[in-house]
Amino acid sequence: MTPVLETRAVAKRFGRVEAVRTLDLTVEQAEFFALLGPSGSGKTTMLRIIAGLEVPDAGRVLINGQDVTREPPYARKLGMVFQDFLLFPHRTVAENVVFPLRMQGQSRAEQARQLDWVLDLVRLQGLEERFPHQLSGGQKQRVALARGLVAKPSVLLLDEPLANLDRELRREMEIEVRRYQQDLAIPFIYVTHNQEEALTLSDRIAVMHDGRLEQVGPKLEVYHHPATRFVAAFVGAPNRLRARLVEQNSDYARLHWGGFDLISRAVRGAQEGDLVDQFLKPERIRIVAAGAGLGADIVNQLDGTLRDVIFKGPYLDCLVDLGNGRELTVSAPPETPGLSRGAAVGVGWSAEAPAIFLADGA
Amino acid sequence: MNPLARLRRDPRVGLLALALPGALFVLVFLLLPLLSIVVFSFWRTESYVMIPDWNLDNYRIILGESTYLTFLFRSVAMALAVALICLAYAWACAYVIAKHGGRYRLLLVLLTAAPFLTGVLLRITAMQQILGPIGLVNMALPSFGLEPVQALMYTNLASAIGLIYLWIPFMLVAVYLSLLNFNFELLEVAKVCGATPWRAFWAITWPLNWMGTAIGVVLVVVPTLAATVTPRFLGGPNGALYGNILEHQFGATGTWALGSAMGVVLFLVSLALIWLIWKTVNLRRVGFTGGLAD
């Protein structure tokens, strides 16, 4: 089956800045696809190229197998939702929403029918005659979503659509946006710098950095098996342990880190004596009161003191001082016994827990 | 508490004191002169002397004799035509400057106002040097074996060109300031929604900048209605407008009372035009959000 959207070797530079470098993307029917990256990674440029708002310097953009690289945005029949909502301030909710239908020359009856359907979808009935300045932030974003969806586009592009909403509302809208995507079964391409959002919403994630794709894959794979050092550092707020490789065989490596010997998986391309970075997610570290056993499979076992315990609701973040000038953040269930500030604790992780890469510049 | 101290504590007194200088200014320099021409317009002049016997003769003359009304209509038509051409020209310039001017935007706008540094009279004589019978255009054409352009010699067309040249900077600044506050990203939204650039302009750009444009129209229409210097220099005796006839009453003929009445009529016509233009501005439909009750 032809993918709904495909980009082939797309590149774009602005002056001396290479915003996007030879980028290949494929988005399949009915998938929620997140483009995740820090600001300046080129993800918004990529989205604008797909929308037709930027013309790439090289490469091609295909929608449903058709080359649209040189097509203007108004010929592409896409929907798009912007970060600042960008509603037309001189038009009512209803007029904003039916704007794409009017541009397509649909009849008034058809416009009314579609308006009804989409306002029902985004739960905005009764607000048709309001003007944008009379709406709350969440309502504005629903109108923007309705405007993006009303013409049943082949793809909906979303550029950080929830970034301007407060935390509560963002959670609520995340669930909403996910529901629209599942109801309509069209692909959403969702640009965000917020990894939580990307993980919550998407089926697949593409991590962008410096105009390139670092990793593309199902979200669990990106989360649990980062392919590059950048992805490992960026996703999941991990602890970074910069260690020296003592020796390794084809499976395992022995590392020296701040006076401790650690075992990890072997590091591809590393020589003995190289500096390596281990990225260890807080929830992959086990923590127990001092003296309690960690389990036989935990090959790395260290003692420490709890410097602080931060209550997060569903879990605790424990800041563990290891006594060698190093500190680890460890997540634990709130009911874990013996976790009070100043307590002596044992922490440990398996050889498979950290993602490990050669240190940059090493 | 003594009454004086109580007075000083009253917040309304402070507010009144604050408003007083401005109010006085308006009273002395705007309302009083206006009132005086209204009063004079009901008097009569005889041998350069104003005689205060109240009558409506001046208005009867203006509204009864077709000459005055003809000149009035000619001025209104001229004002609308000049405003329309200024509008088209200024929009094109202001749009390019606002969108693509980058950090030179302000400089470019100021440059369009550069002719103002010389003064109206000088600018109009300069135009005369170009358009007039012994001007650049008409002196040059015969040397190429072409006929001089009669239409440019002391005609209303010549006046119109001069007036357009004169008032374009006003229109341009009004439109430019409006575009400066316009979010061009809305056009990207419109395009993604399927609007061609042309449709996006009429659906988004134009209505959202109509208020600024309307201000520009007023800024051009009102002074054009009262124009005297430009039609005198470029229009000549046959291209006279209402302003020239009005001016005449205070000069050669010395019929000040009639002149005052003509001034009152001009004032009312200007107000009517401003009111008509203002009626086209629907505050909700220009994206205006301040001060509207929800």
# chains A, B, ... in the order shown; residues from 1 in each chain; ligands from 1
>>> closest_atom_pairs(of="chain A", to="chain B", cutoff="6 Å", atoms="only C-alpha atoms", output="Markdown table")
| residue | atom | partner | partner_atom | distance |
| --- | --- | --- | --- | --- |
| A:Pro73 | CA | B:Val192 | CA | 5.1 |
| A:Tyr74 | CA | B:Gly194 | CA | 3.8 |
| A:Pro89 | CA | B:Gly287 | CA | 4.8 |
| A:His90 | CA | B:Gly287 | CA | 4.2 |
| A:Pro100 | CA | B:Cys193 | CA | 4.7 |
| A:Met103 | CA | B:Ala195 | CA | 5.6 |
>>> select_by_dssp(residues="range 163-294 of chain B", states="helix (DSSP H, G or I)", output="VMD selection string")
chain B and resid 163 to 180 185 to 192 197 to 208 210 to 225 229 to 235 237 to 239 242 to 250 256 to 279 283 to 286
>>> residues_around(residues="Thr280 in chain B", least_positions_apart="5", cutoff="9 Å", atoms="only C-alpha atoms", output="ChimeraX atom specification")
/B:210-211,214,275
>>> residues_around(residues="Tyr315 in chain A", least_positions_apart="4", cutoff="8 Å", atoms="only C-alpha atoms", output="VMD selection string")
chain A and resid 311 331 to 334
